[in-house]
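First comes the structure, then the notes that go with it.
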Amino acid sequence: MINPYLTIPQIQTSLKKGDFSCQDLTSFYLDRIKSLDPKIKAFITITPKVALDKAKEIDQKIKDKKLLGKLAGSTMAVKDIYLTKGIETTAASQVLKGYIPQYSSTVYQRLVDEDAILLGKTNTDTFAFGASTENSGFFTTKNPYDTSLIPGGSSGGSAAAQSAGLCTFSLGTDTGGSIRQPSSLCGISGIKPTYSRNSRYGIAAMASSFDCPGAFAHSAKDLSIVTSVMAGNDPHDATSSKEVVPDYSSLLENKNLKGLKIGLPKQYFTGSIDPEVKKNVLKAAKTLEENGAQLVGVSLPSTDLGIAVYYVLMPCEVSSNMARYDGLRFGQSKKDIKDLLSYYLETRGDYMESELKRRIIIGTYFLSAGYFDAYYLKASKVRTIIKKEFQDVLSHVDLLLTPTSPTPAWKIGEKVNDPLKMYLADVYTVCTNVAGLPAIALPTSPSKTNLPIGFQLIGNYFKEADLFSVAHQYQSLTNHHLIHPKL
C-alpha cells in the first residue's frame with residue numbers, strides 16, 4: 001500500500017529503488033481521487049490520460065537511465081484558474097465553461113517540464129473571488145476534516161485535495177490570503193511568495209497588483225522544492241522579478257533560530273480572534289523561543305485599515321480585468337441576440353455568478369467620476385502607509401509571526417449571505433498582499449475538536465529562503481504537519 005502523504009524526496013527515493021513504478025503511483029492517486037473526491041468535491045476536472053501518459057514517460061526515463069526532472073513522480077492538483085493547454089480551464093465560472101486554452105501558464109509549464117504529473121484541475125471561488133469556495137459556479141468543496149465545514153478559499157479545492165492526500169502538492173493563488181487561509185483551515189503548509197517572484201502569465205487575472213501564484217504541500221521542505229521550480233523571471237510577465245532564484249531546499253538549515261528576532265504584532269492578537277486560535281498560535285511562537293528565537297512585541301498600527309484598502313483597490317482591478325469576459329472570444333455566450341449591447345448584457349447576466357457581479361459593480365462605482373479620489377486614490381495612499389509600516393518593523397526583526405485565520409473552519413452556509421462577514425475572514429492575510437510581502441502558512445496545535453489551526457510567518461521582500469528555513473526547523477521540532485484527516 002502506497003502512503004498518500006509521501007513527500008517529494010521520499011517519492012524520488014522510492015522510484016529509484018524500484019519500490020513502485022511511476023505508473024503505479026499515479027494510478028494509486030487516481031484511484032484515491034475516484035474513491036474520496038465524490039464526498040470532498042475538490043476537483044472540477046480529472047485528467048487520467050494526461051497523468052498516466054506522463055507517468056509512462058517518466059518510467060521510460062528511469063529504465064533508460066536518463067536524467068529525471070526535479071519533480072519526477074510528484075503528482076499535482078492545479079487550481080482551475082491556471083491555463084493548461086488542451087485542458088478545460090473554467091475559473092470555476094459558468095462564463096468560461098468549455099474553454100480550452102491554446103497555451104499554458106508559465107509556472108504550470110515549468111513544473112511539467114520538471115516531470116510533475118497533472119492529476120486534474122481543482123475547484124475555487126469563481127475567478128478566485130471568495131474565502132470559502134462557496135462562490136464556485138459549479139459546487140462547494142468540503143473540508144476533509146469535517147465535510148459539513150468549508151475548506152477556506154479561494155483555493156479551497158487545491159487545499160482540500162492536499163489535505164486529503166489526493167496529490168503530492170497543489171497549486172493555488174493568493175490575492176488576499178487565498179493560499180494561507182485554506183492552509184490554516186485544512187491543516188497543511190502553503191506559500192505566498194513575494195509579489196513578482198512567480199510569473200502571473202497564463203493565470204486568469206483577479207486583481208493584477210495583488211495576485212500571487214503559490215503552492216500547497218505537506219511540508220515546508222516540499223514547498224521549498226516546488227517554489228524553486230516555479231519562481232523566476234518570465235519575459236511574458238512585465239511585473240516578474242529578475243531577482244536570482246536560490247535553491248531554497250539547500251538553504252533549509254541556514255537561518256539559525258538562536259538569536260532570530262520574531263516580531264509579534266499586537267494588532268493580530270486582539271479583537272475578534274478565537275481564544276483557542278490565539279493560544280495555539282502563541283504556543284507555536286513559544287516553541288521557536290524555547291529553541292533560541294527571541295520574541296519581540298511590535299506594532300503595525302494601520303492593520304485595521306487593511307481590509308478597507310483591499311476591498312477598495314481589489315474590486316477596482318476586478319472591474320477592469322473582467323471586461324474581457326464578453327462571450328465573444330472565449331467561454332459561453334448567448335445565441336441569436338439582436339444587437340451587441342443585448343449580447344453583452346444577456347451573456348454576462350446569465351453566466352456571471354453573483355459574487356463576480358458584486359465585485360464588478362463595487363469596483364466600477366469606486367472608479368466612477370466623483371468617487372475616484374474619495375475611494376481609489378485614498379486607498380492607494382493608505383496602501384503606501386501599510387507598506388512603510390511593514391518595512392519599518394522588518395528593519396528591527398527578522399520576520400513576523402501571526403495567526404492566519406481568526407477562527408477554525410466554519411459551517412457551510414454560515415456566512416454565505418453576509419458578504420461583510422466573509423470578507424473579514426481575510427483580516428490577518430490581506431495586509432501582506434497589500435504590501436507585496438512573502439508569507440508561509442503552517443499548521444500548529446489543532447483545536448479541542450481536532451480542527452486545524454494555522455499561523456503564518458511573514459518575511460521581507462525576496463526572503464523566502466528565511467521563511468522556508470524557519471518553517472522547516474519548526475516542523476522538525478513538531479509533528480502538527482504530520483496530522484491528517486481521518487477519511
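By order in the C-alpha cells, chains are A, B, ...; within a chain, residues start at 1; ligands start at 1, following the order shown.
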
Sorted by chain and rising residue number, which residues of range 84-162 of chain A lie within 7 Å of range 197-203 of chain A, and what are their closest atom pairs and distances in Å to one decimal, counting only C-alpha atoms, as a Markdown table?
| residue | atom | partner | partner_atom | distance |
| --- | --- | --- | --- | --- |
| A:Ser104 | CA | A:Gly202 | CA | 6.0 |
| A:Ser105 | CA | A:Gly202 | CA | 3.7 |
| A:Thr106 | CA | A:Tyr201 | CA | 5.9 |
| A:Val107 | CA | A:Ser199 | CA | 6.4 |

At a cut-off of 6 Å, using only C-alpha atoms, what residues contact range 247-262 of chain A? Leave out same-chain residues fewer than 5 positions from it and give the result as an mmCIF file with N, CA and C atoms, in the first residue's frame.
data_model
loop_
_atom_site.group_PDB
_atom_site.id
_atom_site.type_symbol
_atom_site.label_atom_id
_atom_site.label_comp_id
_atom_site.auth_asym_id
_atom_site.auth_seq_id
_atom_site.Cartn_x
_atom_site.Cartn_y
_atom_site.Cartn_z
ATOM 1 N N SER A 224 9.569 24.320 -0.548
ATOM 2 C CA SER A 224 10.818 24.949 -0.998
ATOM 3 C C SER A 224 11.262 24.382 -2.346
ATOM 4 N N ILE A 225 11.054 23.088 -2.547
ATOM 5 C CA ILE A 225 11.433 22.439 -3.814
ATOM 6 C C ILE A 225 10.543 22.945 -4.953
ATOM 7 N N SER A 228 11.225 26.653 -5.899
ATOM 8 C CA SER A 228 12.462 26.827 -6.679
ATOM 9 C C SER A 228 12.224 26.610 -8.167
ATOM 10 N N GLY A 292 15.680 29.033 20.905
ATOM 11 C CA GLY A 292 16.672 30.066 20.663
ATOM 12 C C GLY A 292 16.182 31.369 20.092
ATOM 13 N N ALA A 293 14.964 31.404 19.544
ATOM 14 C CA ALA A 293 14.461 32.643 18.944
ATOM 15 C C ALA A 293 14.099 33.650 20.028
ATOM 16 N N GLN A 294 14.125 34.900 19.662
ATOM 17 C CA GLN A 294 13.737 35.981 20.572
ATOM 18 C C GLN A 294 12.420 36.571 20.095
ATOM 19 N N LEU A 295 11.408 36.577 20.970
ATOM 20 C CA LEU A 295 10.106 37.144 20.617
ATOM 21 C C LEU A 295 10.076 38.619 20.987
ATOM 22 N N VAL A 296 9.618 39.433 20.047
ATOM 23 C CA VAL A 296 9.617 40.884 20.234
ATOM 24 C C VAL A 296 8.222 41.424 19.928
ATOM 25 N N VAL A 397 13.264 43.414 13.118
ATOM 26 C CA VAL A 397 13.110 41.976 13.398
ATOM 27 C C VAL A 397 13.359 41.202 12.106
ATOM 28 N N ASP A 398 13.623 39.892 12.247
ATOM 29 C CA ASP A 398 13.901 39.062 11.067
ATOM 30 C C ASP A 398 12.633 38.681 10.321
ATOM 31 N N LEU A 399 11.584 38.412 11.073
ATOM 32 C CA LEU A 399 10.307 38.052 10.466
ATOM 33 C C LEU A 399 9.200 38.272 11.481
ATOM 34 N N LEU A 400 7.957 38.143 11.021
ATOM 35 C CA LEU A 400 6.787 38.322 11.875
ATOM 36 C C LEU A 400 6.042 37.007 11.992
ATOM 37 N N ALA A 465 13.755 32.265 1.372
ATOM 38 C CA ALA A 465 14.692 31.284 1.928
ATOM 39 C C ALA A 465 14.649 31.289 3.451
ATOM 40 N N SER A 469 13.375 28.174 5.801
ATOM 41 C CA SER A 469 14.316 27.655 6.801
ATOM 42 C C SER A 469 13.675 27.593 8.183
#

Between CA of Gln102 in chain A and CA of Phe210 in chain A, distance in Å (one decimal):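 For CA of Gln102 in chain A relative to CA of Phe210 in chain A, the distance reads 25.4 Å.
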
I need the residues in range 308-421 of chain A that are strand (DSSP E) according to DSSP; give them as a PyMOL selection string. chain A and resi 399-403

List the neighbours of Lys279 in chain A out to 12 Å using only C-alpha atoms; skip same-chain residues closer than 6 positions along the sequence, and give me the result as a list in words.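 The neighbour list is Phe269, Thr270, Ile273, Ala285, Lys286, Thr402, Pro403, Pro406, Thr407, Thr444, Ser445, Pro446, Ser447, Lys448, Ile453, Gly454 and Phe455 of chain A.
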
Pull N, CA and C atoms from the residues just selected and write them as a PDB file, in the first residue's frame.
ATOM      1  N   PHE A 269      -3.414  39.984  17.528  1.00  0.00           N
ATOM      2  CA  PHE A 269      -3.785  39.122  18.655  1.00  0.00           C
ATOM      3  C   PHE A 269      -4.881  39.746  19.510  1.00  0.00           C
ATOM      4  N   THR A 270      -5.627  40.690  18.920  1.00  0.00           N
ATOM      5  CA  THR A 270      -6.724  41.339  19.632  1.00  0.00           C
ATOM      6  C   THR A 270      -7.990  41.247  18.790  1.00  0.00           C
ATOM      7  N   ILE A 273     -10.430  37.580  17.371  1.00  0.00           N
ATOM      8  CA  ILE A 273      -9.722  36.304  17.269  1.00  0.00           C
ATOM      9  C   ILE A 273     -10.291  35.281  18.250  1.00  0.00           C
ATOM     10  N   ALA A 285       4.793  30.158  18.673  1.00  0.00           N
ATOM     11  CA  ALA A 285       5.845  31.148  18.911  1.00  0.00           C
ATOM     12  C   ALA A 285       6.731  30.726  20.080  1.00  0.00           C
ATOM     13  N   LYS A 286       6.116  30.177  21.113  1.00  0.00           N
ATOM     14  CA  LYS A 286       6.858  29.732  22.299  1.00  0.00           C
ATOM     15  C   LYS A 286       7.819  28.605  21.948  1.00  0.00           C
ATOM     16  N   THR A 402       2.168  35.591  13.024  1.00  0.00           N
ATOM     17  CA  THR A 402       0.780  35.990  13.305  1.00  0.00           C
ATOM     18  C   THR A 402      -0.172  34.809  13.075  1.00  0.00           C
ATOM     19  N   PRO A 403      -1.413  34.926  13.550  1.00  0.00           N
ATOM     20  CA  PRO A 403      -2.430  33.941  13.140  1.00  0.00           C
ATOM     21  C   PRO A 403      -2.667  34.071  11.633  1.00  0.00           C
ATOM     22  N   PRO A 406      -8.764  34.110  11.859  1.00  0.00           N
ATOM     23  CA  PRO A 406      -9.217  34.400  13.228  1.00  0.00           C
ATOM     24  C   PRO A 406      -9.970  33.249  13.880  1.00  0.00           C
ATOM     25  N   THR A 407     -10.438  32.290  13.074  1.00  0.00           N
ATOM     26  CA  THR A 407     -11.197  31.147  13.591  1.00  0.00           C
ATOM     27  C   THR A 407     -10.808  29.873  12.840  1.00  0.00           C
ATOM     28  N   THR A 444      -0.357  24.460  13.356  1.00  0.00           N
ATOM     29  CA  THR A 444       0.108  24.343  14.736  1.00  0.00           C
ATOM     30  C   THR A 444      -0.853  23.406  15.461  1.00  0.00           C
ATOM     31  N   SER A 445      -0.879  23.441  16.781  1.00  0.00           N
ATOM     32  CA  SER A 445      -1.741  22.525  17.538  1.00  0.00           C
ATOM     33  C   SER A 445      -3.190  22.666  17.102  1.00  0.00           C
ATOM     34  N   PRO A 446      -3.894  21.555  16.889  1.00  0.00           N
ATOM     35  CA  PRO A 446      -5.304  21.636  16.490  1.00  0.00           C
ATOM     36  C   PRO A 446      -6.194  22.081  17.651  1.00  0.00           C
ATOM     37  N   SER A 447      -7.452  22.375  17.328  1.00  0.00           N
ATOM     38  CA  SER A 447      -8.410  22.791  18.351  1.00  0.00           C
ATOM     39  C   SER A 447      -8.822  21.597  19.208  1.00  0.00           C
ATOM     40  N   LYS A 448      -9.577  21.866  20.252  1.00  0.00           N
ATOM     41  CA  LYS A 448     -10.053  20.790  21.142  1.00  0.00           C
ATOM     42  C   LYS A 448     -10.965  19.820  20.396  1.00  0.00           C
ATOM     43  N   ILE A 453      -5.613  24.455  13.065  1.00  0.00           N
ATOM     44  CA  ILE A 453      -5.346  25.867  13.338  1.00  0.00           C
ATOM     45  C   ILE A 453      -3.975  26.165  12.753  1.00  0.00           C
ATOM     46  N   GLY A 454      -3.840  27.319  12.107  1.00  0.00           N
ATOM     47  CA  GLY A 454      -2.564  27.640  11.475  1.00  0.00           C
ATOM     48  C   GLY A 454      -2.025  28.990  11.901  1.00  0.00           C
ATOM     49  N   PHE A 455      -0.752  29.195  11.621  1.00  0.00           N
ATOM     50  CA  PHE A 455      -0.134  30.502  11.815  1.00  0.00           C
ATOM     51  C   PHE A 455       0.694  30.814  10.580  1.00  0.00           C
TER      52      PHE A 455
END

Kindly indicate which residue among A:Pro38, A:Pro101, A:Gly214, A:Pro408 lies nearest to Asp274 in chain A, using only C-alpha atoms for the distances. A:Pro408

Could you list, as a ChimeraX atom specification, every residue within 6 Å of range 169-184 of chain A, counting only C-alpha atoms and ignoring same-chain residues fewer than 2 positions away? /A:76-79,151-156,158-159,167,186-190,210-217,404-405,429-430,433,441,453-454

Residues of the last selection are to be written out with N, CA and C atoms, as an mmCIF file, in the first residue's frame.
data_model
loop_
_atom_site.group_PDB
_atom_site.id
_atom_site.type_symbol
_atom_site.label_atom_id
_atom_site.label_comp_id
_atom_site.auth_asym_id
_atom_site.auth_seq_id
_atom_site.Cartn_x
_atom_site.Cartn_y
_atom_site.Cartn_z
ATOM 1 N N MET A 76 0.389 16.483 -9.017
ATOM 2 C CA MET A 76 -0.090 17.816 -8.618
ATOM 3 C C MET A 76 -1.544 18.028 -9.025
ATOM 4 N N ALA A 77 -2.227 18.806 -8.187
ATOM 5 C CA ALA A 77 -3.574 19.290 -8.474
ATOM 6 C C ALA A 77 -3.466 20.789 -8.681
ATOM 7 N N VAL A 78 -4.102 21.316 -9.715
ATOM 8 C CA VAL A 78 -3.887 22.704 -10.132
ATOM 9 C C VAL A 78 -5.198 23.491 -10.065
ATOM 10 N N LYS A 79 -5.168 24.590 -9.354
ATOM 11 C CA LYS A 79 -6.336 25.481 -9.253
ATOM 12 C C LYS A 79 -6.812 25.843 -10.649
ATOM 13 N N PRO A 151 -13.606 24.544 3.326
ATOM 14 C CA PRO A 151 -12.158 24.312 3.352
ATOM 15 C C PRO A 151 -11.355 25.612 3.335
ATOM 16 N N GLY A 152 -12.067 26.758 3.280
ATOM 17 C CA GLY A 152 -11.398 28.034 3.050
ATOM 18 C C GLY A 152 -11.407 28.352 1.566
ATOM 19 N N GLY A 153 -10.878 29.518 1.236
ATOM 20 C CA GLY A 153 -10.861 29.899 -0.167
ATOM 21 C C GLY A 153 -9.913 31.055 -0.423
ATOM 22 N N SER A 154 -9.703 31.403 -1.650
ATOM 23 C CA SER A 154 -10.446 30.858 -2.778
ATOM 24 C C SER A 154 -9.889 29.530 -3.291
ATOM 25 N N SER A 155 -8.654 29.194 -2.868
ATOM 26 C CA SER A 155 -8.008 27.975 -3.385
ATOM 27 C C SER A 155 -8.436 26.736 -2.602
ATOM 28 N N GLY A 156 -9.737 26.670 -2.270
ATOM 29 C CA GLY A 156 -10.228 25.600 -1.410
ATOM 30 C C GLY A 156 -10.114 24.212 -2.006
ATOM 31 N N SER A 158 -7.768 23.060 -4.127
ATOM 32 C CA SER A 158 -6.368 22.617 -4.027
ATOM 33 C C SER A 158 -6.003 22.274 -2.585
ATOM 34 N N ALA A 159 -6.485 23.097 -1.628
ATOM 35 C CA ALA A 159 -6.185 22.844 -0.213
ATOM 36 C C ALA A 159 -6.830 21.547 0.263
ATOM 37 N N CYS A 167 -2.889 14.223 -3.747
ATOM 38 C CA CYS A 167 -1.802 14.679 -4.611
ATOM 39 C C CYS A 167 -0.560 14.906 -3.750
ATOM 40 N N CYS A 186 -7.289 23.752 6.612
ATOM 41 C CA CYS A 186 -7.177 22.343 6.198
ATOM 42 C C CYS A 186 -5.941 21.645 6.771
ATOM 43 N N GLY A 187 -5.156 22.342 7.587
ATOM 44 C CA GLY A 187 -4.039 21.702 8.281
ATOM 45 C C GLY A 187 -2.854 21.356 7.407
ATOM 46 N N ILE A 188 -2.533 22.221 6.434
ATOM 47 C CA ILE A 188 -1.413 21.956 5.527
ATOM 48 C C ILE A 188 -0.498 23.179 5.474
ATOM 49 N N SER A 189 0.585 23.079 4.703
ATOM 50 C CA SER A 189 1.527 24.181 4.540
ATOM 51 C C SER A 189 1.290 24.864 3.196
ATOM 52 N N GLY A 190 1.426 26.203 3.180
ATOM 53 C CA GLY A 190 1.214 26.933 1.932
ATOM 54 C C GLY A 190 2.092 28.170 1.867
ATOM 55 N N PHE A 210 -2.154 42.447 -6.931
ATOM 56 C CA PHE A 210 -2.190 41.629 -5.720
ATOM 57 C C PHE A 210 -1.940 40.149 -5.998
ATOM 58 N N ASP A 211 -2.356 39.655 -7.164
ATOM 59 C CA ASP A 211 -2.329 38.216 -7.468
ATOM 60 C C ASP A 211 -0.924 37.626 -7.309
ATOM 61 N N CYS A 212 -0.862 36.486 -6.649
ATOM 62 C CA CYS A 212 0.435 35.853 -6.419
ATOM 63 C C CYS A 212 0.297 34.331 -6.490
ATOM 64 N N PRO A 213 0.833 33.698 -7.545
ATOM 65 C CA PRO A 213 0.788 32.227 -7.623
ATOM 66 C C PRO A 213 1.663 31.604 -6.548
ATOM 67 N N GLY A 214 1.210 30.483 -5.997
ATOM 68 C CA GLY A 214 1.982 29.783 -4.976
ATOM 69 C C GLY A 214 1.524 28.341 -4.880
ATOM 70 N N ALA A 215 1.929 27.670 -3.814
ATOM 71 C CA ALA A 215 1.672 26.228 -3.733
ATOM 72 C C ALA A 215 1.307 25.782 -2.324
ATOM 73 N N PHE A 216 0.688 24.594 -2.267
ATOM 74 C CA PHE A 216 0.413 23.868 -1.021
ATOM 75 C C PHE A 216 1.244 22.589 -1.024
ATOM 76 N N ALA A 217 1.635 22.133 0.162
ATOM 77 C CA ALA A 217 2.345 20.855 0.270
ATOM 78 C C ALA A 217 2.162 20.317 1.685
ATOM 79 N N THR A 404 -3.248 33.042 11.044
ATOM 80 C CA THR A 404 -3.611 33.096 9.628
ATOM 81 C C THR A 404 -5.094 33.388 9.462
ATOM 82 N N SER A 405 -5.901 32.725 10.250
ATOM 83 C CA SER A 405 -7.352 32.935 10.232
ATOM 84 C C SER A 405 -7.808 33.209 11.663
ATOM 85 N N THR A 429 -4.652 38.242 6.654
ATOM 86 C CA THR A 429 -3.841 37.905 5.471
ATOM 87 C C THR A 429 -3.718 39.046 4.470
ATOM 88 N N VAL A 430 -4.717 39.944 4.394
ATOM 89 C CA VAL A 430 -4.725 40.917 3.298
ATOM 90 C C VAL A 430 -3.572 41.918 3.352
ATOM 91 N N ASN A 433 -0.621 41.024 1.335
ATOM 92 C CA ASN A 433 -0.809 41.227 -0.107
ATOM 93 C C ASN A 433 -0.769 42.707 -0.465
ATOM 94 N N ALA A 441 2.333 29.758 5.498
ATOM 95 C CA ALA A 441 1.357 29.296 6.475
ATOM 96 C C ALA A 441 1.676 27.869 6.889
ATOM 97 N N ILE A 453 -5.613 24.455 13.065
ATOM 98 C CA ILE A 453 -5.346 25.867 13.338
ATOM 99 C C ILE A 453 -3.975 26.165 12.753
ATOM 100 N N GLY A 454 -3.840 27.319 12.107
ATOM 101 C CA GLY A 454 -2.564 27.640 11.475
ATOM 102 C C GLY A 454 -2.025 28.990 11.901
#

Compile the contact shell of range 9-13 of chain A as number ranges by chain: residues with an atom at most 7 Å away, counting only C-alpha atoms, same-chain residues fewer than 4 positions apart removed. A: 17, 72-73

Preceding selection exported with C-alpha atoms as a tab-separated table (two decimals), in the first residue's frame:
chain	number	residue	atom	x	y	z
A	17	LYS	CA	14.86	1.89	-5.51
A	72	ALA	CA	9.71	13.36	-11.20
A	73	GLY	CA	6.89	11.24	-9.78

Using only C-alpha atoms, which residues sit within 7 Å of range 57-61 of chain A once same-chain residues fewer than 5 positions away are excluded, as a list in words? Ser21, Cys22, Lys66, Leu68 and Ala72 of chain A

Which residues of range 123-197 of chain A come within 9 Å of range 340-364 of chain A, and what is each one's closest atom pair and distance in Å (one decimal), counting only C-alpha atoms, sorted by chain and residue number, as CSV?
residue,atom,partner,partner_atom,distance
A:Asp125,CA,A:Glu355,CA,9.0
A:Thr126,CA,A:Leu356,CA,7.1
A:Phe127,CA,A:Leu356,CA,7.7
A:Phe129,CA,A:Glu355,CA,6.9
A:Gly130,CA,A:Glu355,CA,8.0
A:Asn135,CA,A:Glu355,CA,6.7
A:Ser136,CA,A:Glu353,CA,8.1
A:Gly137,CA,A:Glu353,CA,6.4

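Neighbours of Gln475 in chain A closer than or equal to 9 Å, with only C-alpha atoms counted and sequence neighbours fewer than 5 positions away skipped, come out as Ser219, Ala220, Leu442, Val470, His480 and His481 of chain A.
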
Expressed in Å, the length from CA of Gly18 in chain A to CA of Met230 in chain A is 28.0 Å

In terms of the shortest atom-to-atom distance over only C-alpha atoms, which of A:Leu424, A:Leu328, A:Glu317, A:Pro485 is closest to Ile40 in chain A?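 The closest residue to Ile40 in chain A is A:Pro485.
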
Atom-to-atom span, CA of Pro144 in chain A and CA of Glu88 in chain A, Å: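 These atoms are spaced 25.4 Å apart.
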
According to DSSP computed on the backbone, where in range 259-380 of chain A is there helix (DSSP H, G or I)? Give the residues as a PyMOL selection string. chain A and resi 266-269+275-290+303-324+340-351+354-367+373-380

Go through A:Ala116, A:Ile483, A:Ile81, A:Ala204 and flag the residue nearest Val229 in chain A, using only C-alpha atoms for the distances.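 Counting only C-alpha atoms, the residue closest to Val229 in chain A is A:Ala116.
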
Could you check which of A:Leu166, A:Ile100, A:Leu451, A:Val312 is closest to Asp146 in chain A, using only C-alpha atoms? A:Leu451
